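start.cif follows; it contains mmCIF, C-alpha atoms.
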```
data_work
#
loop_
_atom_site.label_atom_id
_atom_site.label_comp_id
_atom_site.auth_asym_id
_atom_site.auth_seq_id
_atom_site.Cartn_x
_atom_site.Cartn_y
_atom_site.Cartn_z
CA MET A 1 68.66 27.09 51.81
CA ALA A 2 65.52 27.92 53.78
CA GLN A 3 62.69 29.56 51.87
CA LYS A 4 60.36 32.27 53.13
CA ASN A 5 57.24 30.19 52.59
CA ASP A 6 58.73 27.41 54.76
CA MET A 7 58.35 29.66 57.82
CA PRO A 8 55.60 29.03 60.39
CA TRP A 9 52.54 31.29 60.26
CA GLY A 10 53.25 32.82 63.67
CA TYR A 11 56.75 33.84 62.53
CA ILE A 12 55.33 35.57 59.44
CA MET A 13 52.62 37.36 61.43
CA LYS A 14 55.17 38.60 63.97
CA LYS A 15 57.32 40.14 61.23
CA ASN A 16 54.30 41.70 59.53
CA GLN A 17 53.16 43.28 62.78
CA LYS A 18 56.67 44.54 63.44
CA ALA A 19 56.74 46.23 60.03
CA ILE A 20 53.43 47.98 60.76
CA GLU A 21 54.59 49.10 64.20
CA ILE A 22 57.92 50.41 62.89
CA THR A 23 56.08 52.33 60.16
CA LYS A 24 53.78 53.90 62.75
CA SER A 25 56.72 54.81 64.98
CA ILE A 26 58.72 56.61 62.31
CA VAL A 27 55.65 58.29 60.80
CA ARG A 28 55.10 59.85 64.23
CA MET A 29 58.54 61.48 63.86
CA ASN A 30 58.11 64.70 61.88
CA THR A 31 60.87 64.67 59.26
CA ILE A 32 59.37 67.22 56.88
CA ASN A 33 62.13 68.69 54.73
CA PRO A 34 62.90 71.49 55.17
CA PRO A 35 64.18 71.41 57.84
CA GLY A 36 64.42 67.58 57.85
CA ASP A 37 65.21 66.73 61.49
CA GLU A 38 66.00 63.14 60.43
CA ARG A 39 68.40 62.30 63.26
CA GLN A 40 65.75 60.99 65.70
CA CYS A 41 64.45 58.64 63.03
CA ALA A 42 67.98 57.52 62.11
CA GLU A 43 68.80 56.76 65.76
CA PHE A 44 65.56 54.84 66.28
CA LEU A 45 66.34 52.61 63.30
CA GLY A 46 70.00 52.38 64.26
CA ASN A 47 69.08 51.03 67.68
CA LEU A 48 66.88 48.35 66.13
CA LEU A 49 69.67 47.33 63.77
CA GLU A 50 72.28 47.23 66.52
CA GLU A 51 70.05 44.76 68.37
CA GLU A 52 70.31 42.52 65.27
CA GLY A 53 74.11 42.71 65.27
CA PHE A 54 74.64 45.45 62.67
CA SER A 55 77.49 47.91 63.01
CA VAL A 56 76.03 51.41 62.81
CA GLU A 57 77.48 54.74 61.68
CA TYR A 58 75.83 58.17 61.76
CA HIS A 59 77.04 60.80 59.33
CA GLU A 60 76.05 64.30 60.34
CA MET A 61 74.53 66.68 57.81
CA GLY A 62 73.71 69.80 59.81
CA SER A 63 71.68 70.48 62.93
CA ASN A 64 69.57 67.47 63.97
CA ARG A 65 70.22 65.82 60.61
CA ALA A 66 72.03 62.55 59.98
CA ASN A 67 72.48 59.77 57.46
CA LEU A 68 72.65 56.21 58.74
CA ILE A 69 74.84 53.41 57.38
CA ALA A 70 74.44 49.95 58.92
CA ARG A 71 76.45 46.85 57.95
CA ILE A 72 76.49 43.17 58.72
CA GLY A 73 78.21 40.14 57.17
CA GLU A 74 81.60 39.12 55.97
CA SER A 75 82.51 37.22 52.81
CA LYS A 76 85.44 37.34 50.42
CA GLU A 77 83.52 35.48 47.74
CA LYS A 78 80.52 37.79 47.23
CA LEU A 79 79.78 41.47 47.86
CA PRO A 80 76.92 42.53 50.16
CA LEU A 81 73.47 43.63 49.02
CA CYS A 82 72.64 47.31 49.57
CA PHE A 83 69.20 48.52 50.62
CA THR A 84 68.58 52.26 50.61
CA GLY A 85 65.73 54.56 51.62
CA HIS A 86 65.26 58.18 52.67
CA LEU A 87 64.03 59.42 56.04
CA ASP A 88 62.74 62.87 55.06
CA THR A 89 59.30 63.73 53.74
CA VAL A 90 57.74 66.62 51.83
CA PRO A 91 55.61 69.32 53.54
CA LEU A 92 51.91 68.77 54.20
CA GLY A 93 50.59 71.35 51.75
CA ALA A 94 47.82 73.91 52.18
CA THR A 95 44.86 71.50 52.05
CA GLU A 96 43.62 70.35 55.45
CA TRP A 97 44.16 66.65 56.20
CA LYS A 98 41.15 64.53 57.18
CA LYS A 99 43.48 62.05 58.89
CA SER A 100 46.31 62.97 61.22
CA ALA A 101 49.61 63.37 59.40
CA PHE A 102 51.68 62.12 62.35
CA ASP A 103 49.59 59.69 64.44
CA GLY A 104 50.03 56.52 62.37
CA GLU A 105 46.25 56.10 62.21
CA THR A 106 44.80 52.99 60.54
CA ASP A 107 41.44 52.63 58.82
CA SER A 108 40.01 50.12 56.32
CA GLY A 109 43.32 48.34 55.86
CA LYS A 110 45.27 51.56 55.27
CA LEU A 111 47.93 53.25 57.37
CA PHE A 112 47.73 57.06 57.11
CA GLY A 113 50.34 59.75 57.61
CA ARG A 114 53.00 61.80 55.88
CA GLY A 115 55.66 59.44 54.60
CA THR A 116 53.62 56.24 54.82
CA SER A 117 54.00 55.60 51.10
CA ASP A 118 57.02 57.81 50.42
CA MET A 119 58.81 55.99 51.90
CA LYS A 120 58.82 55.05 55.57
CA SER A 121 56.82 51.87 55.01
CA GLY A 122 59.54 50.56 52.69
CA ILE A 123 62.23 51.22 55.28
CA ALA A 124 60.11 49.59 58.00
CA ALA A 125 59.43 46.52 55.85
CA PHE A 126 63.12 45.95 55.23
CA VAL A 127 64.08 46.40 58.89
CA ALA A 128 61.31 43.98 59.87
CA ALA A 129 62.44 41.51 57.19
CA ILE A 130 65.94 41.21 58.71
CA SER A 131 64.70 40.83 62.29
CA GLY A 132 65.91 37.58 63.82
CA LEU A 133 68.42 36.98 61.01
CA GLY A 134 71.42 38.72 62.56
CA LYS A 135 73.46 35.60 63.38
CA LYS A 136 72.88 34.07 59.95
CA LEU A 137 73.64 37.34 58.18
CA SER A 138 76.89 37.80 60.10
CA ARG A 139 78.27 34.67 58.43
CA SER A 140 77.06 35.63 54.95
CA PRO A 141 77.91 38.19 52.24
CA GLY A 142 75.63 40.42 54.30
CA LEU A 143 73.93 43.76 53.84
CA GLU A 144 74.78 47.45 53.69
CA LEU A 145 71.82 49.65 54.64
CA VAL A 146 71.92 53.33 53.69
CA PHE A 147 69.19 55.54 55.17
CA THR A 148 69.52 59.11 53.98
CA ALA A 149 68.51 62.63 54.90
CA GLY A 150 67.49 65.22 52.35
CA GLU A 151 66.40 63.06 49.42
CA GLU A 152 63.33 65.19 48.73
CA THR A 153 65.50 68.26 48.08
CA GLY A 154 67.80 66.70 45.51
CA CYS A 155 69.37 63.59 47.10
CA GLU A 156 71.45 65.79 49.41
CA GLY A 157 72.20 63.05 51.93
CA ALA A 158 73.15 60.46 49.32
CA PHE A 159 75.48 62.90 47.55
CA HIS A 160 76.91 63.88 50.94
CA LEU A 161 77.87 60.24 51.54
CA ALA A 162 78.99 59.58 47.97
CA LYS A 163 81.44 62.48 48.01
CA LYS A 164 83.20 61.29 51.19
CA PRO A 165 86.00 58.84 50.35
CA GLY A 166 85.69 55.50 52.12
CA VAL A 167 82.26 56.12 53.66
CA LEU A 168 80.41 53.77 51.34
CA GLY A 169 81.61 50.20 50.96
CA ARG A 170 81.47 47.92 47.95
CA VAL A 171 78.18 46.23 47.09
CA GLY A 172 77.00 43.77 44.48
CA ALA A 173 73.49 45.14 43.93
CA VAL A 174 71.22 47.97 45.14
CA LEU A 175 67.57 47.77 46.18
CA VAL A 176 65.78 51.11 46.55
CA GLY A 177 62.60 50.88 48.63
CA GLU A 178 60.73 53.76 46.97
CA PRO A 179 56.96 53.35 46.45
CA THR A 180 56.14 51.15 43.45
CA ALA A 181 53.28 49.08 44.95
CA ASN A 182 55.95 46.36 45.17
CA TYR A 183 56.41 46.27 41.40
CA PRO A 184 60.11 45.91 40.47
CA MET A 185 61.37 48.83 38.39
CA VAL A 186 64.69 48.43 36.56
CA GLY A 187 65.50 52.13 36.43
CA HIS A 188 64.29 55.70 36.62
CA LYS A 189 64.61 58.97 34.74
CA GLY A 190 67.16 61.58 35.68
CA ALA A 191 66.42 65.12 36.83
CA TYR A 192 68.08 68.15 35.28
CA TRP A 193 66.72 71.36 36.83
CA LEU A 194 67.78 74.66 35.32
CA LYS A 195 67.27 78.38 35.84
CA ALA A 196 67.04 80.37 32.63
CA LYS A 197 67.56 84.09 33.33
CA THR A 198 66.79 86.99 31.04
CA HIS A 199 68.33 90.40 31.67
CA GLY A 200 67.19 93.96 31.00
CA ILE A 201 67.52 97.53 32.30
CA THR A 202 65.17 98.85 34.97
CA ALA A 203 63.29 102.11 34.61
CA HIS A 204 60.20 103.84 35.94
CA GLY A 205 56.99 102.17 34.78
CA SER A 206 55.72 105.47 33.35
CA MET A 207 58.78 105.67 31.08
CA PRO A 208 59.27 102.11 29.80
CA GLU A 209 61.17 103.40 26.78
CA LYS A 210 64.04 104.26 29.17
CA GLY A 211 64.53 100.62 30.11
CA VAL A 212 64.81 97.14 28.62
CA ASN A 213 62.04 94.80 29.75
CA ALA A 214 63.41 91.38 30.80
CA ALA A 215 59.85 89.99 31.01
CA TYR A 216 59.31 90.50 27.27
CA LYS A 217 62.53 88.59 26.64
CA ALA A 218 61.27 85.87 28.97
CA ALA A 219 58.07 85.57 26.92
CA LYS A 220 60.16 84.69 23.86
CA VAL A 221 62.15 82.17 25.90
CA LEU A 222 58.95 80.55 27.17
CA THR A 223 57.69 80.15 23.62
CA ALA A 224 61.00 78.58 22.59
CA LEU A 225 60.88 76.17 25.54
CA GLU A 226 57.29 75.20 24.76
CA LYS A 227 58.35 74.25 21.23
CA PHE A 228 61.65 72.60 22.24
CA LYS A 229 62.20 69.12 20.82
CA PHE A 230 64.75 66.65 22.14
CA CYS A 231 66.95 65.32 19.37
CA ASN A 232 68.22 62.18 21.11
CA VAL A 233 67.02 58.68 20.28
CA PRO A 234 64.25 57.65 22.73
CA HIS A 235 65.24 55.05 25.33
CA LYS A 236 63.79 51.59 24.77
CA LEU A 237 61.89 51.61 28.10
CA MET A 238 61.87 55.21 29.34
CA GLY A 239 60.95 56.77 26.05
CA GLN A 240 61.86 60.40 25.45
CA ALA A 241 63.08 63.01 27.91
CA THR A 242 60.53 65.64 28.99
CA LEU A 243 60.67 69.37 29.69
CA ASN A 244 58.35 71.40 31.91
CA VAL A 245 58.48 75.07 32.90
CA GLY A 246 57.63 74.98 36.60
CA THR A 247 58.21 78.57 37.75
CA VAL A 248 58.39 82.05 36.26
CA SER A 249 59.36 85.06 38.37
CA GLY A 250 60.67 88.57 37.82
CA GLY A 251 60.24 92.23 38.49
CA LEU A 252 60.55 94.23 41.69
CA ASN A 253 57.16 95.99 41.57
CA ILE A 254 54.37 96.77 39.16
CA ASN A 255 55.54 100.31 38.42
CA SER A 256 59.08 99.41 37.35
CA VAL A 257 60.51 97.88 34.21
CA PRO A 258 61.87 94.43 35.29
CA ASP A 259 65.60 94.03 34.75
CA GLU A 260 65.67 90.25 35.38
CA THR A 261 63.35 87.26 35.16
CA THR A 262 63.97 83.66 36.15
CA ILE A 263 62.37 80.63 34.50
CA GLY A 264 62.57 77.29 36.34
CA VAL A 265 62.93 74.39 33.93
CA ASP A 266 62.37 70.77 35.01
CA ILE A 267 63.87 68.23 32.59
CA ARG A 268 63.44 64.51 33.21
CA SER A 269 66.20 62.83 31.23
CA VAL A 270 66.75 59.31 29.93
CA PRO A 271 70.03 57.38 29.40
CA THR A 272 70.15 58.46 25.75
CA SER A 273 69.96 62.20 26.60
CA PRO A 274 73.24 63.37 28.23
CA HIS A 275 72.72 66.51 30.28
CA ASN A 276 75.58 68.43 28.68
CA GLU A 277 74.01 67.87 25.24
CA ILE A 278 70.62 69.02 26.53
CA LYS A 279 72.13 72.24 27.88
CA GLN A 280 73.95 72.96 24.62
CA ALA A 281 70.73 72.46 22.66
CA LEU A 282 68.81 74.77 25.01
CA GLU A 283 71.47 77.47 24.76
CA ARG A 284 71.16 77.42 20.98
CA VAL A 285 67.38 77.75 21.20
CA VAL A 286 67.07 80.53 23.79
CA GLY A 287 69.95 82.66 22.53
CA GLU A 288 73.24 83.99 23.83
CA ASP A 289 71.85 86.69 26.13
CA VAL A 290 69.96 84.16 28.29
CA THR A 291 71.91 82.78 31.25
CA ILE A 292 71.32 79.12 32.10
CA GLU A 293 72.29 77.89 35.59
CA THR A 294 72.13 74.32 36.89
CA MET A 295 70.05 73.75 40.03
CA LEU A 296 70.04 69.93 40.12
CA ASN A 297 71.97 67.40 38.05
CA VAL A 298 70.84 63.84 38.78
CA ASP A 299 71.47 61.15 36.18
CA SER A 300 69.05 58.45 35.14
CA VAL A 301 69.56 54.87 36.37
CA PHE A 302 69.02 51.74 34.32
CA THR A 303 69.85 48.04 34.58
CA GLU A 304 69.28 45.66 31.69
CA PRO A 305 66.29 43.43 32.50
CA SER A 306 68.34 40.40 31.39
CA ASP A 307 70.72 40.85 34.34
CA PRO A 308 70.67 37.62 36.43
CA TRP A 309 69.83 39.41 39.70
CA ILE A 310 66.99 41.33 38.04
CA GLN A 311 65.64 38.03 36.77
CA ASP A 312 65.89 36.61 40.31
CA ILE A 313 63.80 39.54 41.57
CA PHE A 314 61.20 39.02 38.85
CA GLN A 315 60.97 35.34 39.79
CA ILE A 316 60.55 36.15 43.49
CA MET A 317 57.88 38.78 42.81
CA ALA A 318 55.75 36.76 40.38
CA PRO A 319 53.76 34.82 43.04
CA ILE A 320 53.52 37.89 45.27
CA LEU A 321 52.16 40.09 42.49
CA GLY A 322 50.12 37.32 40.90
CA GLU A 323 51.71 37.98 37.52
CA ASN A 324 55.08 37.78 35.80
CA PRO A 325 56.67 41.25 36.06
CA LEU A 326 57.47 43.13 32.89
CA ALA A 327 60.48 45.39 32.59
CA LYS A 328 59.35 48.89 33.64
CA THR A 329 60.98 52.10 34.87
CA ALA A 330 59.94 54.93 37.18
CA THR A 331 59.45 58.55 36.11
CA TYR A 332 60.74 60.03 39.41
CA PHE A 333 64.37 60.00 40.57
CA THR A 334 65.81 58.31 43.66
CA ASP A 335 68.96 58.23 45.78
CA ALA A 336 70.25 55.53 43.43
CA ALA A 337 71.26 58.36 41.10
CA ALA A 338 73.87 59.43 43.65
CA LEU A 339 74.76 56.03 45.10
CA ASN A 340 74.91 54.10 41.84
CA GLU A 341 78.01 55.86 40.56
CA ALA A 342 79.72 55.73 43.97
CA TYR A 343 79.16 51.97 44.09
CA GLY A 344 80.45 51.44 40.54
CA HIS A 345 77.06 51.00 38.81
CA PRO A 346 75.89 47.65 40.24
CA PRO A 347 72.50 46.24 39.13
CA THR A 348 69.75 48.32 40.74
CA ILE A 349 66.05 47.74 41.35
CA ILE A 350 63.46 50.22 42.68
CA MET A 351 60.72 48.42 44.62
CA GLY A 352 58.72 49.31 47.70
CA PRO A 353 55.28 48.94 49.29
CA GLY A 354 53.93 52.48 48.95
CA GLN A 355 51.37 53.56 46.40
CA PRO A 356 53.18 55.77 43.83
CA GLU A 357 50.10 57.94 43.31
CA MET A 358 49.94 58.70 47.06
CA ALA A 359 53.45 60.18 47.24
CA HIS A 360 53.32 63.87 48.28
CA GLN A 361 49.49 63.76 48.50
CA THR A 362 47.16 65.06 51.19
CA ASP A 363 45.94 62.19 53.44
CA GLU A 364 48.82 60.04 52.23
CA TYR A 365 48.44 56.35 53.07
CA CYS A 366 49.93 52.92 52.44
CA VAL A 367 47.87 49.75 52.18
CA MET A 368 48.99 47.54 55.07
CA GLY A 369 48.77 44.41 52.92
CA GLU A 370 51.41 45.96 50.64
CA ILE A 371 53.72 46.41 53.63
CA GLU A 372 53.27 42.76 54.53
CA ASN A 373 53.97 41.70 50.94
CA ALA A 374 57.13 43.83 50.98
CA VAL A 375 58.34 42.02 54.12
CA ALA A 376 57.87 38.68 52.36
CA ALA A 377 59.62 39.91 49.20
CA TYR A 378 62.54 41.55 51.00
CA GLU A 379 63.12 38.52 53.20
CA GLU A 380 63.23 36.16 50.25
CA ILE A 381 65.57 38.52 48.36
CA ILE A 382 67.86 38.57 51.39
CA TYR A 383 67.77 34.78 51.73
CA LYS A 384 68.62 34.28 48.07
CA TRP A 385 71.41 36.87 47.99
CA CYS A 386 73.03 35.91 51.28
CA GLN A 387 72.39 32.16 50.87
CA ILE A 388 71.25 31.71 54.46
#
```
With the file now loaded, output its structure as structure tokens.
Amino acid sequence: MAQKNDMPWGYIMKKNQKAIEITKSIVRMNTINPPGDERQCAEFLGNLLEEEGFSVEYHEMGSNRANLIARIGESKEKLPLCFTGHLDTVPLGATEWKKSAFDGETDSGKLFGRGTSDMKSGIAAFVAAISGLGKKLSRSPGLELVFTAGEETGCEGAFHLAKKPGVLGRVGAVLVGEPTANYPMVGHKGAYWLKAKTHGITAHGSMPEKGVNAAYKAAKVLTALEKFKFCNVPHKLMGQATLNVGTVSGGLNINSVPDETTIGVDIRSVPTSPHNEIKQALERVVGEDVTIETMLNVDSVFTEPSDPWIQDIFQIMAPILGENPLAKTATYFTDAAALNEAYGHPPTIIMGPGQPEMAHQTDEYCVMGEIENAVAAYEEIIYKWCQI
């Protein structure tokens, strides 16, 4: 089997440059979600993959929105490897950018723009890594690439695909190209977002005794949430689940007694904290007259570090990182939460070239050297899995 470091220098440089150029191209496509508008980006990548011999499917998800599934390979002895990434990005925010958000500008070894780290550079690196390998991949276990819309608003695209029978194939492992500075993560926390609503009776603000103030009830709920303690056993790598009150809203105007308030609760769960048990515990704490509604229910993902494929990844990444990777997990959630169950819970790794701390930031950037390292890593992972 050929190894990545056997390749001539010109071949490596060509792939690295291709990864940078693809990143620039798709950063120039505004896929801020909402509204998303991911279809142009999906078609651009689909055309590149078709040139490599992939079969390509677009799955519509509203106006100018599409998920992309691309496949290559055929083997009865081993399942394909899945790579997944999302095409949408978050909004720019109120702070003015010093660098253009959509020009793909480079400076001091960094590539700037919305989505450079989260996570268009990871997608570009993988597409560049498979360039020129189409014929070899077609005679191998192959790959299933899943590029999604709507990840930033709750893995909408991934759930859209997962709920459609027969859309997703069978895979042996999943690689998620989210930004980790190329450090392999063996899992991530789940996200359980809730709305806790308190209810009252409205009245004129000059006669508060005629009403029931839902805001005062909310104050008691907020105190209870601040003191809430998870009773599950902490996970060996992820630790304990967390709870944060992110939003509080209520009342129609200042001179009325509010008859409803809404508290937005962001819980990041771990494998030892089932969501149904969390909800039951919260209901006991806040009381019967508080309504709790689910906004987002995304499970955590975890693969035992001793899994043979995870160990293969660690071995591949050691010389690239300059250290032997330790088993770590991410705090954020990814599309793997939706795809993992649909695929039957195969071993899953989260690893991509973006800087985690730059995700969702003003003047977002990705170090170009990290993109090049991702190309090298992805190509070697493909070679080892597909045995080409």
Long-range neighbours of segment 367-379 of chain A as JSON, numbers by chain, 8 Å cut-off, all atoms listed in the file, 4 positions minimum in chain = {"A": [4, 15, 16, 19, 20, 109, 110, 111, 121, 122, 125, 126, 128, 129, 130, 181, 182, 316, 317, 320, 352, 353, 354, 355, 383]}
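With the shown file loaded, the PyMOL selection byres ((chain A and resi 56-63) around 8) picks out A:Asp37, A:Ala42, A:Gly46, A:Leu49, A:Glu50, A:Phe54, A:Ser55, A:Asn64, A:Arg65, A:Ala66, A:Asn67, A:Leu68, A:Ile69, A:Ala70, A:Arg71, A:Ala149, A:Gly157, A:His160, A:Leu161.
Relative to atom CA of Gly115 of chain A, atom CA of Thr95 of chain A is found at 16.4 Å.
For the file shown, the residue list from the PyMOL selection byres ((chain A and resi 296) around 9) reads Gly154, Ala191, Tyr192, Trp193, Leu194, Thr294, Met295, Asn297 and Val298 of chain A.
This file, filtered with the PyMOL selection byres ((chain A and resi 323-326) around 10), gives the residues Tyr183, Pro184, Met185, Val186, Pro305, Gln311, Ile313, Phe314, Gln315, Ile316, Met317, Ala318, Pro319, Ile320, Leu321, Gly322, Ala327, Lys328 and Thr329 of chain A.
From atom CA of Ile382 of chain A back to atom CA of Pro141 of chain A, the distance works out to 10.1 Å.
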